[in-house]
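Visitor: Below you will find the structure I want to go over with you.
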Amino acid sequence: MNTNLKHAAAAAAAGLMLIAAMPFTGSKADAAAPKIVVIGDGISAGKGLSDPSKSYAALTAAYYGADVTNLAVDGYTTDQVLTALDDPSVKAQLAKADVILFNAGMHDVMDPFMTEVADFKERLGLNFNTITDLYTLTREDLPISDEELISAGNDFSRALRKNRSTAAENITKIGDKLAAYPNAKVVCTNVYNPLSVIEQYAQLAEGSNRKKAYDVIKNAAEKSITGSINPAYQSLADTKGFTVLDVFTTFDMKAYQYTGLNAMAFEPNEEGHRLIANQVIGSLNSVLKKPETTSTTTTTSTTKATTTTTTTTTTSTTKATTTTPPAPKRALGDVDGDKAVNANDATAVLIAAAKNGTGSGTGLSPEEFEAADVDQNKLVNANDATAILRYAAAVGTGNQKDISAYT
């Protein structure tokens, strides 16, 4: 457990002892749907998903009942995003935004690398379709000398470093342009390393030439991202107050799980988008409110009278509009999904609140967040942990009410 989480756990333990004395807070949902505008590359556009509603932008919009305008374009580099921000139609959308979601930089790193891989494949007449295939080729499959193989690895590494400085400069310039929309909260997701790692990485012998060869490209990508691109994102948080979410850490050493890496695609899969959405949703709880179900009833009455009879005809039309996202899969308070509401759930809430206080999001999935938000005020904090503990205590006596009665 890292130091921050150790501190969070310690805070949780202390909080469980003092929680009953903490004040309650609440908020009301906004009547108008908020507007989210998305800019960036294929990650934000949802490239590779069979269902666009599974993208992190769409999941975030659904959670908050927001209107979303997705202006992200697959294949865009930071330079292209920067140019797009001067388009009058894009400016018009951004001017109306309550939230701006921004991500770019992946193509700056990966496009030159993919070009080198394609050239390498064609030059040698190799038959591989995935990164995994490339690194499971035997020495006999490569009709080149060791020197040529080392040279190819160096070409890959140089390609991954090629655009890092330009990308960092562009991200700073993009931040300057987005700062021109002070009424919008800007949330940036930093860049993960899509080469960290292939599924078979653990099977490569430590110190083997094959593992060393993979580390050359993995580390080159990481150096470009952590040494240039992501520091540029962090500077947007430091100088402009933007929220920058650490997707890099979330995906680190798990790219094969959360992206299309094994199919030579580097955008997130559904699971990857869900993880990003979880962080984005957590970062917006202070500015957006999850909508409640609303309904309107219109009744029209017409009375027709004569000297002998009176007939009254009433036509009722009920129109119900539901904007609330699907109900949570877990019961309120059951954060860990074990079908019980107890101190473990309260601890999870306090740790999530402590993490969110550092600006890195709650770390909860959408389902966990909904279960943790016991008072349903779109925040996860000590008040929710209090309600969980009070409910758990009542369960122990056999006299519990609905958990909402303890908020």
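Note on naming: chains are A, B, ... as they come in the structure tokens, residues start from 1 per chain, ligands start from 1 in the order shown.
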Within 7 Å of region 77-94 of chain A, counting only C-alpha atoms, which residues show up once you throw out same-chain ones fewer than 6 positions away? Write them as a PDB file with all heavy atoms, in the first residue's frame, please.
Guide:
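Ended up saving to around_6.pdb:
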```pdb
ATOM      1  N   VAL A  37     -18.864  19.116 -23.139  1.00  0.00           N
ATOM      2  CA  VAL A  37     -18.244  19.148 -24.463  1.00  0.00           C
ATOM      3  C   VAL A  37     -16.923  18.385 -24.374  1.00  0.00           C
ATOM      4  O   VAL A  37     -16.133  18.604 -23.452  1.00  0.00           O
ATOM      5  CB  VAL A  37     -18.005  20.585 -24.953  1.00  0.00           C
ATOM      6  CG1 VAL A  37     -17.261  20.584 -26.295  1.00  0.00           C
ATOM      7  CG2 VAL A  37     -19.336  21.324 -25.095  1.00  0.00           C
ATOM      8  N   GLY A  40     -10.594  16.031 -28.254  1.00  0.00           N
ATOM      9  CA  GLY A  40      -9.467  15.122 -28.138  1.00  0.00           C
ATOM     10  C   GLY A  40      -9.346  14.189 -29.319  1.00  0.00           C
ATOM     11  O   GLY A  40      -9.756  14.522 -30.444  1.00  0.00           O
ATOM     12  N   ASP A  41      -8.825  12.985 -29.055  1.00  0.00           N
ATOM     13  CA  ASP A  41      -8.548  12.019 -30.115  1.00  0.00           C
ATOM     14  C   ASP A  41      -9.473  10.818 -30.023  1.00  0.00           C
ATOM     15  O   ASP A  41     -10.569  10.907 -29.453  1.00  0.00           O
ATOM     16  CB  ASP A  41      -7.078  11.605 -30.056  1.00  0.00           C
ATOM     17  CG  ASP A  41      -6.687  11.032 -28.684  1.00  0.00           C
ATOM     18  OD1 ASP A  41      -7.577  10.563 -27.951  1.00  0.00           O
ATOM     19  OD2 ASP A  41      -5.491  11.057 -28.353  1.00  0.00           O
ATOM     20  N   ALA A 104      -5.531  14.280 -25.218  1.00  0.00           N
ATOM     21  CA  ALA A 104      -4.794  14.095 -26.480  1.00  0.00           C
ATOM     22  C   ALA A 104      -3.342  13.836 -26.120  1.00  0.00           C
ATOM     23  O   ALA A 104      -2.916  14.076 -24.992  1.00  0.00           O
ATOM     24  CB  ALA A 104      -4.918  15.321 -27.383  1.00  0.00           C
ATOM     25  N   GLY A 105      -2.587  13.362 -27.086  1.00  0.00           N
ATOM     26  CA  GLY A 105      -1.174  13.082 -26.880  1.00  0.00           C
ATOM     27  C   GLY A 105      -0.779  11.669 -27.230  1.00  0.00           C
ATOM     28  O   GLY A 105       0.386  11.396 -27.532  1.00  0.00           O
ATOM     29  N   HIS A 107      -1.576   9.862 -29.891  1.00  0.00           N
ATOM     30  CA  HIS A 107      -1.160   9.714 -31.287  1.00  0.00           C
ATOM     31  C   HIS A 107       0.195  10.363 -31.549  1.00  0.00           C
ATOM     32  O   HIS A 107       0.939   9.904 -32.424  1.00  0.00           O
ATOM     33  CB  HIS A 107      -2.227  10.281 -32.225  1.00  0.00           C
ATOM     34  CG  HIS A 107      -3.399   9.387 -32.392  1.00  0.00           C
ATOM     35  ND1 HIS A 107      -3.395   8.299 -33.225  1.00  0.00           N
ATOM     36  CD2 HIS A 107      -4.626   9.399 -31.803  1.00  0.00           C
ATOM     37  CE1 HIS A 107      -4.559   7.684 -33.165  1.00  0.00           C
ATOM     38  NE2 HIS A 107      -5.324   8.327 -32.300  1.00  0.00           N
ATOM     39  N   ASP A 108       0.517  11.410 -30.805  1.00  0.00           N
ATOM     40  CA  ASP A 108       1.827  12.031 -30.950  1.00  0.00           C
ATOM     41  C   ASP A 108       2.928  11.013 -30.656  1.00  0.00           C
ATOM     42  O   ASP A 108       3.975  10.995 -31.321  1.00  0.00           O
ATOM     43  CB  ASP A 108       1.960  13.213 -29.992  1.00  0.00           C
ATOM     44  CG  ASP A 108       0.949  14.302 -30.269  1.00  0.00           C
ATOM     45  OD1 ASP A 108      -0.244  14.097 -29.981  1.00  0.00           O
ATOM     46  OD2 ASP A 108       1.337  15.359 -30.771  1.00  0.00           O
ATOM     47  N   ALA A 167       4.413  17.694 -28.449  1.00  0.00           N
ATOM     48  CA  ALA A 167       3.143  17.380 -27.794  1.00  0.00           C
ATOM     49  C   ALA A 167       3.001  18.150 -26.491  1.00  0.00           C
ATOM     50  O   ALA A 167       1.933  18.701 -26.185  1.00  0.00           O
ATOM     51  CB  ALA A 167       3.040  15.878 -27.551  1.00  0.00           C
ATOM     52  N   ASN A 170       2.206  21.727 -27.210  1.00  0.00           N
ATOM     53  CA  ASN A 170       0.829  21.878 -27.680  1.00  0.00           C
ATOM     54  C   ASN A 170      -0.178  21.770 -26.547  1.00  0.00           C
ATOM     55  O   ASN A 170      -1.193  22.478 -26.539  1.00  0.00           O
ATOM     56  CB  ASN A 170       0.517  20.829 -28.752  1.00  0.00           C
ATOM     57  CG  ASN A 170       1.167  21.148 -30.085  1.00  0.00           C
ATOM     58  OD1 ASN A 170       1.515  22.292 -30.362  1.00  0.00           O
ATOM     59  ND2 ASN A 170       1.323  20.135 -30.920  1.00  0.00           N
ATOM     60  N   ILE A 171       0.072  20.870 -25.614  1.00  0.00           N
ATOM     61  CA  ILE A 171      -0.847  20.717 -24.479  1.00  0.00           C
ATOM     62  C   ILE A 171      -0.912  22.016 -23.677  1.00  0.00           C
ATOM     63  O   ILE A 171      -1.991  22.456 -23.249  1.00  0.00           O
ATOM     64  CB  ILE A 171      -0.423  19.532 -23.598  1.00  0.00           C
ATOM     65  CG1 ILE A 171      -0.717  18.217 -24.338  1.00  0.00           C
ATOM     66  CG2 ILE A 171      -1.132  19.554 -22.249  1.00  0.00           C
ATOM     67  CD1 ILE A 171      -0.085  16.997 -23.705  1.00  0.00           C
ATOM     68  N   ILE A 174      -2.997  24.363 -25.723  1.00  0.00           N
ATOM     69  CA  ILE A 174      -4.409  23.973 -25.645  1.00  0.00           C
ATOM     70  C   ILE A 174      -4.999  24.464 -24.319  1.00  0.00           C
ATOM     71  O   ILE A 174      -6.123  24.976 -24.265  1.00  0.00           O
ATOM     72  CB  ILE A 174      -4.555  22.446 -25.784  1.00  0.00           C
ATOM     73  CG1 ILE A 174      -4.249  22.027 -27.220  1.00  0.00           C
ATOM     74  CG2 ILE A 174      -5.960  21.982 -25.387  1.00  0.00           C
ATOM     75  CD1 ILE A 174      -4.094  20.529 -27.413  1.00  0.00           C
TER      76      ILE A 174
END
```
Visitor: So that I can check the surroundings of region 353-357 of chain A, please list as a list in words every protein, DNA and RNA residue that reaches within 7 Å of it, counting only C-alpha atoms and ignoring chain neighbours fewer than 4 positions away.
Guide: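 Once the nearby chain positions are removed, what remains is Ala8, Val349, Gly361, Thr362, Val380 and Asn381 of chain A.
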Visitor: Under the rule that only C-alpha atoms are counted, which of A:Pro34, A:Gly48, A:Gly175, A:Gly42 is the nearest residue to Asn70 (chain A)?
Guide: A:Gly42
Visitor: Rounded to one decimal, what separation in Å do you get between CA of Leu71 (chain A) and CA of Phe113 (chain A)?
Guide: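 Value for the CA of Leu71 (chain A)-CA of Phe113 (chain A) distance: 25.7 Å.
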Visitor: Leaving out region 216-227 of chain A and any residue of its chain fewer than 3 positions from it, which residues lie within 9 Å of it when counting only C-alpha atoms, given as a VMD selection string?
Guide: chain A and resid 105 to 106 109 to 110 153 to 154 156 to 165 190 to 197 211 to 213 230 to 231 248
Visitor: Where in region 133-229 of chain A does DSSP assign alpha helix (DSSP H), given as an MDAnalysis selection string?
Guide: chainID A and resid 133:136 146:161 164:178 209:224
Visitor: Which of these residues is nearest to Asp155 (chain A), using only C-alpha atoms: A:Ile36, A:Met264, A:Val117, A:Val68?
Guide: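 Selected residue with least distance to Asp155 (chain A): A:Val117.
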Visitor: Can you pull out every residue within 9 Å of Thr407 (chain A), counting only C-alpha atoms, but drop anything in the same chain fewer than 5 positions away, and send it as a PyMOL selection string?
Guide: chain A and resi 24+374-375+383-384+386-388+390
Visitor: Using C-alpha atoms, can you write the selected residues to a file as an mmCIF file, in the first residue's frame?
Guide:
```
data_model
loop_
_atom_site.group_PDB
_atom_site.id
_atom_site.type_symbol
_atom_site.label_atom_id
_atom_site.label_comp_id
_atom_site.auth_asym_id
_atom_site.auth_seq_id
_atom_site.Cartn_x
_atom_site.Cartn_y
_atom_site.Cartn_z
ATOM 1 C CA PHE A 24 -24.417 16.864 7.523
ATOM 2 C CA VAL A 374 -26.124 6.931 0.661
ATOM 3 C CA ASP A 375 -27.663 10.390 1.032
ATOM 4 C CA ASN A 383 -21.897 11.765 6.017
ATOM 5 C CA ASP A 384 -22.384 8.637 3.947
ATOM 6 C CA THR A 386 -22.076 7.907 9.224
ATOM 7 C CA ALA A 387 -25.314 6.675 7.686
ATOM 8 C CA ILE A 388 -23.757 3.297 6.929
ATOM 9 C CA ARG A 390 -25.889 3.926 12.005
#
```
Visitor: Quick one: distance from CA of Glu267 (chain A) to CA of Ser55 (chain A) in Å, one decimal?
Guide: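 It comes out at 10.7 Å.
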Visitor: I'd like to know which of A:Tyr76, A:Ala371, A:Glu270, A:Gln257 is closest to Lys339 (chain A), using only C-alpha atoms.
Guide: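 Of A:Tyr76, A:Ala371, A:Glu270, A:Gln257, the one nearest Lys339 (chain A), counting only C-alpha atoms, is A:Ala371.
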Visitor: Taking only C-alpha atoms into account, which of A:Cys188, A:Phe266, A:Gly363, A:Gly125 comes nearest Asp74 (chain A)?
Guide: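 Of A:Cys188, A:Phe266, A:Gly363, A:Gly125, the one nearest Asp74 (chain A), counting only C-alpha atoms, is A:Phe266.
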Visitor: Would you please extract all strand (DSSP E or B) residues from region 50-242 of chain A, as assigned by DSSP on the backbone, and give them as a list in words?
Guide: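 Written out, the strand (DSSP E or B) residues of region 50-242 of chain A are Asp67, Val68, Thr69, Asn70, Val99, Ile100, Leu101, Phe102, Asn103, Lys185, Val186, Val187, Cys188 and Thr189 of chain A.
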Visitor: Measuring between only C-alpha atoms, which one of A:Val395, A:Glu116, A:His273, A:Ala382 shows the shortest distance to Lys47 (chain A)?
Guide: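 With only C-alpha atoms as the atom set, the closest residue is A:His273.
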Visitor: Env of Pro182 (chain A): 10 Å cut, atoms = only C-alpha atoms, seq-sep filter 2 positions within chain, self excluded. Answer as an MDAnalysis selection string.
Guide: chainID A and resid 95 97:98 178:180 184:186
Visitor: Please produce an output containing N, CA and C atoms for each residue in the selection, written as an mmCIF file, in the first residue's frame.
Guide:
```cif
data_model
loop_
_atom_site.group_PDB
_atom_site.id
_atom_site.type_symbol
_atom_site.label_atom_id
_atom_site.label_comp_id
_atom_site.auth_asym_id
_atom_site.auth_seq_id
_atom_site.Cartn_x
_atom_site.Cartn_y
_atom_site.Cartn_z
ATOM 1 N N ALA A 95 -18.245 27.546 -25.590
ATOM 2 C CA ALA A 95 -18.779 28.698 -24.860
ATOM 3 C C ALA A 95 -20.033 28.335 -24.080
ATOM 4 N N ALA A 97 -20.473 25.298 -22.650
ATOM 5 C CA ALA A 97 -20.181 24.119 -21.836
ATOM 6 C C ALA A 97 -20.165 24.424 -20.345
ATOM 7 N N ASP A 98 -20.699 23.488 -19.577
ATOM 8 C CA ASP A 98 -20.517 23.493 -18.133
ATOM 9 C C ASP A 98 -19.256 22.714 -17.762
ATOM 10 N N LEU A 178 -8.305 26.776 -23.660
ATOM 11 C CA LEU A 178 -9.439 26.328 -22.851
ATOM 12 C C LEU A 178 -9.687 27.248 -21.662
ATOM 13 N N ALA A 179 -8.645 27.922 -21.217
ATOM 14 C CA ALA A 179 -8.809 28.863 -20.107
ATOM 15 C C ALA A 179 -9.672 30.057 -20.497
ATOM 16 N N ALA A 180 -9.939 30.208 -21.792
ATOM 17 C CA ALA A 180 -10.794 31.301 -22.263
ATOM 18 C C ALA A 180 -12.272 31.023 -21.984
ATOM 19 N N ALA A 184 -16.670 27.068 -17.531
ATOM 20 C CA ALA A 184 -16.653 25.606 -17.645
ATOM 21 C C ALA A 184 -15.578 25.017 -16.739
ATOM 22 N N LYS A 185 -15.890 23.888 -16.140
ATOM 23 C CA LYS A 185 -14.875 23.115 -15.418
ATOM 24 C C LYS A 185 -14.145 22.261 -16.446
ATOM 25 N N VAL A 186 -12.835 22.361 -16.497
ATOM 26 C CA VAL A 186 -12.044 21.592 -17.458
ATOM 27 C C VAL A 186 -11.433 20.389 -16.750
#
```
Visitor: Looking at A:Val38, A:Ala393, A:Ala343, A:Leu245, which one is nearest to Ile276 (chain A), with distances taken over only C-alpha atoms?
Guide: A:Leu245
